[in-house]
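Working notes, beginning with the structure itself.
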Amino acid sequence: MSEQVKGVITKGVGGVFTVRCNDGSIRLCQIRGNIRLSKLTPLVGDIVLTGESGDPDIPYVLEKILPRRNSLVRPPLANIDNLFLIFSCTDPVPDLKLLDKMLIICGKLKINPVVLFSKRDKDQNICDKYVSIYRDAGLKCYPISKGEPIPSEITALLKEGLTGLAGPSGVGKSTFCNNLLGESTVKVGDISDRLKRGKHTTRHAQLFEYEGGFITDTPGFTSLDLFEVGVLYTDVAGGYPEIIKASSECKFADCRHVAEKQCHVRDLVGDKIDEGRYDRYREFYEYLYSRRPNSAGGYK
Ligand SMILES: Nc1nc2c(ncn2[C@@H]2O[C@H](COP(=O)(O)OP(=O)(O)O)[C@@H](O)[C@H]2O)c(=O)[nH]1
Ligand SMILES: [Mg+2]
Ligand SMILES: [Zn+2]
């Protein structure tokens, strides 16, 4: 047997996985039986060991998937450091419930979230309004526009680790990737392919190298159920830094900020805390509390 080589999955289409190996080579891999049996689906971002398959068409196999630091179903990625949550300020209007759900998931999985409101060129006022809501909440948030340089605060984050893009279709995720990567070898092929076919919809996550880090373009998604992805009511505040900050001054240490008296969070709603953000917090909290595990007992 040949030596196993370690690498990262950059792409997976139809059971064939592209792995960029630590020795600089690119290996096309098929899945090995034992991975299939373990019911683990390899994801873009997975660190894997590869070996030779003996099959000239797909010459390598995934021998092993190394333990993941984290993973997401939507978008399908593993070992994520930063997640750029891209929502257009208009066309389509941003689904702030979906955005806040993604922020809760980032909090739970210890992923660094960055909110990007795209298409500022189409409506500067509305774009700046959304940006200020999320900045005031204590989150990293920037406006972006096609054709405009990407702010250096954003590119700086990309230079280390793995950054995923998440958001609905049509908000400009692929456009952002192209802006960033420019005319790199991989991208040129993708662009001409896209011109040939007209409208290009991203169907698979794909990872690109960027100045020492990795960025992944991903397919869009529009629905996500917090309960189904394993989020608990105790995780909800993790998406709301402004609520966590204000909660230190609530009368009760176990305040849920839902109906309690002398709740500092509720006192600030409509003033320092955005009403829409608070309403979504409360809706998610109540939804997940009603589905809490039996063992959870009282409020946390
Ligand atoms: N006006 C404007 N259009 C944009 C911007 N970003 C993307 N678009 C357009 O929105 C459409 C969808 O973009 P795309 O990158 O494919 O979105 P994705 O589905 O999120 O990958 C394309 O027609 C883009 O040209 C932007 O900042 N401003
Ligand atoms: Mg796309
Ligand atoms: Zn409270």
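Scheme for the structure tokens: letters A, B, ... for chains in order shown; per-chain residue numbers from 1; ligand numbers from 1 in order shown.
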(message) List as a count of residues only the protein and nucleic acid residues lying within 7 Å of ligand 3, with only C-alpha atoms and all ligand atoms counted.
(response) 10
(message) 7 Å from ligand 1 is the threshold here; counting only C-alpha atoms and all ligand atoms, which polymer residues fall inside it? Answer as a PyMOL selection string.
(response) chain A and resi 118-122+144-146+167-176+200-202+219-220
(message) Using only C-alpha atoms, which protein or nucleic acid residues come within 9 Å of region 277-290 of chain A? Drop anything in the same chain fewer than 4 positions from it, and give the result as a ChimeraX atom specification.
(response) /A:96-97,100-101,133,137,226-227,231-237,239-240,243,256-258,265-266,269-270,273,299
For C-alpha atoms, I'd like the residues from the last selection saved as an mmCIF file, in the first residue's frame.
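Final output, saved to part15.cif:
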data_model
loop_
_atom_site.group_PDB
_atom_site.id
_atom_site.type_symbol
_atom_site.label_atom_id
_atom_site.label_comp_id
_atom_site.auth_asym_id
_atom_site.auth_seq_id
_atom_site.Cartn_x
_atom_site.Cartn_y
_atom_site.Cartn_z
ATOM 1 C CA LEU A 96 -33.917 38.591 8.760
ATOM 2 C CA LYS A 97 -35.408 35.549 10.475
ATOM 3 C CA ASP A 100 -30.846 35.592 12.961
ATOM 4 C CA LYS A 101 -31.194 31.792 12.876
ATOM 5 C CA ILE A 133 -29.160 47.529 13.097
ATOM 6 C CA ALA A 137 -26.362 44.784 18.072
ATOM 7 C CA LEU A 226 -33.695 25.537 14.380
ATOM 8 C CA PHE A 227 -35.220 22.552 16.185
ATOM 9 C CA VAL A 231 -30.588 24.122 18.489
ATOM 10 C CA LEU A 232 -31.969 24.364 22.049
ATOM 11 C CA TYR A 233 -33.823 27.254 23.688
ATOM 12 C CA THR A 234 -30.720 27.805 25.809
ATOM 13 C CA ASP A 235 -28.740 28.549 22.608
ATOM 14 C CA VAL A 236 -30.959 31.373 21.333
ATOM 15 C CA ALA A 237 -29.314 34.253 23.193
ATOM 16 C CA GLY A 239 -27.200 34.965 18.380
ATOM 17 C CA TYR A 240 -28.010 38.200 20.218
ATOM 18 C CA ILE A 243 -29.416 40.818 24.707
ATOM 19 C CA ARG A 256 -35.479 34.739 29.880
ATOM 20 C CA HIS A 257 -36.407 38.270 28.753
ATOM 21 C CA VAL A 258 -39.793 36.999 27.660
ATOM 22 C CA VAL A 265 -33.607 43.720 27.993
ATOM 23 C CA ARG A 266 -37.302 44.448 27.587
ATOM 24 C CA VAL A 269 -36.484 47.306 23.232
ATOM 25 C CA GLY A 270 -37.342 50.040 20.782
ATOM 26 C CA ILE A 273 -32.341 47.044 21.257
ATOM 27 C CA TYR A 299 -35.478 27.495 32.644
#
(message) Applying 10 Å and only C-alpha atoms, which residues near Leu62 (chain A) remain after dropping the ones on its own chain fewer than 5 positions away? List them as a PyMOL selection string.
(response) chain A and resi 4-7+9+16-19+27-35+42+48-53
Using the selection just defined, write its residues with N, CA and C atoms as a short mmCIF file (atom, residue, chain, number, x, y, z; two decimals), in the first residue's frame.
data_model
loop_
_atom_site.label_atom_id
_atom_site.label_comp_id
_atom_site.auth_asym_id
_atom_site.auth_seq_id
_atom_site.Cartn_x
_atom_site.Cartn_y
_atom_site.Cartn_z
N GLN A 4 -0.41 7.14 2.98
CA GLN A 4 -1.60 7.99 3.03
C GLN A 4 -1.17 9.47 3.03
N VAL A 5 -1.91 10.26 2.27
CA VAL A 5 -1.60 11.69 2.22
C VAL A 5 -2.80 12.46 2.75
N LYS A 6 -2.49 13.44 3.58
CA LYS A 6 -3.53 14.24 4.22
C LYS A 6 -3.88 15.44 3.35
N GLY A 7 -5.13 15.83 3.40
CA GLY A 7 -5.54 17.01 2.63
C GLY A 7 -6.91 17.49 3.06
N ILE A 9 -10.88 18.48 1.62
CA ILE A 9 -11.82 18.33 0.51
C ILE A 9 -12.22 19.72 0.01
N VAL A 16 -17.61 11.93 -6.17
CA VAL A 16 -16.19 12.12 -6.47
C VAL A 16 -15.71 13.37 -5.73
N PHE A 17 -14.66 13.19 -4.93
CA PHE A 17 -14.19 14.27 -4.08
C PHE A 17 -12.81 14.75 -4.52
N THR A 18 -12.69 16.07 -4.64
CA THR A 18 -11.40 16.66 -4.97
C THR A 18 -10.72 17.02 -3.65
N VAL A 19 -9.48 16.56 -3.49
CA VAL A 19 -8.75 16.82 -2.25
C VAL A 19 -7.45 17.55 -2.58
N ARG A 27 -5.86 15.40 -5.54
CA ARG A 27 -6.28 14.02 -5.74
C ARG A 27 -7.78 13.91 -5.91
N LEU A 28 -8.18 13.17 -6.97
CA LEU A 28 -9.59 12.86 -7.15
C LEU A 28 -9.88 11.56 -6.42
N CYS A 29 -10.83 11.60 -5.51
CA CYS A 29 -11.06 10.45 -4.63
C CYS A 29 -12.48 9.92 -4.71
N GLN A 30 -12.58 8.61 -4.56
CA GLN A 30 -13.89 7.99 -4.35
C GLN A 30 -14.01 7.64 -2.88
N ILE A 31 -15.23 7.23 -2.51
CA ILE A 31 -15.44 6.91 -1.09
C ILE A 31 -15.09 5.45 -0.85
N ARG A 32 -14.55 5.18 0.29
CA ARG A 32 -14.23 3.82 0.68
C ARG A 32 -15.39 3.26 1.49
N GLY A 33 -15.53 1.96 1.44
CA GLY A 33 -16.64 1.30 2.11
C GLY A 33 -16.80 1.67 3.57
N ASN A 34 -15.69 1.76 4.31
CA ASN A 34 -15.85 1.99 5.74
C ASN A 34 -16.39 3.38 6.06
N ILE A 35 -16.13 4.35 5.19
CA ILE A 35 -16.70 5.67 5.41
C ILE A 35 -18.19 5.61 5.15
N PRO A 42 -18.91 12.83 3.55
CA PRO A 42 -17.78 13.77 3.49
C PRO A 42 -18.28 15.15 3.07
N VAL A 48 -8.97 15.02 5.47
CA VAL A 48 -9.06 13.58 5.18
C VAL A 48 -7.68 12.97 4.93
N LEU A 49 -7.64 11.65 5.05
CA LEU A 49 -6.47 10.90 4.61
C LEU A 49 -6.86 10.20 3.31
N THR A 50 -5.98 10.31 2.31
CA THR A 50 -6.27 9.69 1.02
C THR A 50 -5.24 8.61 0.73
N GLY A 51 -5.68 7.60 -0.04
CA GLY A 51 -4.77 6.55 -0.48
C GLY A 51 -5.06 6.20 -1.93
N GLU A 52 -4.32 5.26 -2.48
CA GLU A 52 -4.55 4.88 -3.88
C GLU A 52 -5.70 3.89 -3.99
N SER A 53 -6.48 4.02 -5.08
CA SER A 53 -7.66 3.15 -5.23
C SER A 53 -7.40 1.97 -6.16
#
(request) For each of A:Ser223, A:Asn79, A:Asp123, A:Tyr134, take the minimum atom-to-atom distance to Lys110 (chain A), counting only C-alpha atoms, then give the residue where this is smallest. (result)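 Checking each of A:Ser223, A:Asn79, A:Asp123, A:Tyr134 against Lys110 (chain A), counting only C-alpha atoms, the winner is A:Asn79.
Minimum atom-to-atom distance to Leu207 (chain A), evaluated using only C-alpha atoms, belongs to A:Gly12 out of A:Val61, A:Gly12, A:Ser88, A:Asp225.
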(message) I'd like the interatomic distance between CA of Asp23 (chain A) and CA of Gly164 (chain A), to a tenth of an Å.
(response) 23.8 Å
(request) Give me every alpha helix (DSSP H) residue in region 60-287 of chain A, going by DSSP on the backbone, as a PyMOL selection string. (result) chain A and resi 96-109+124-136+152-158+173-181+185-197+241-247+264-268+275-287
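Nearest to ligand 2 of all the residues A:Ala166, A:Ile244, A:Leu268, A:Leu139 is A:Ala166, based on only C-alpha atoms and all ligand atoms.
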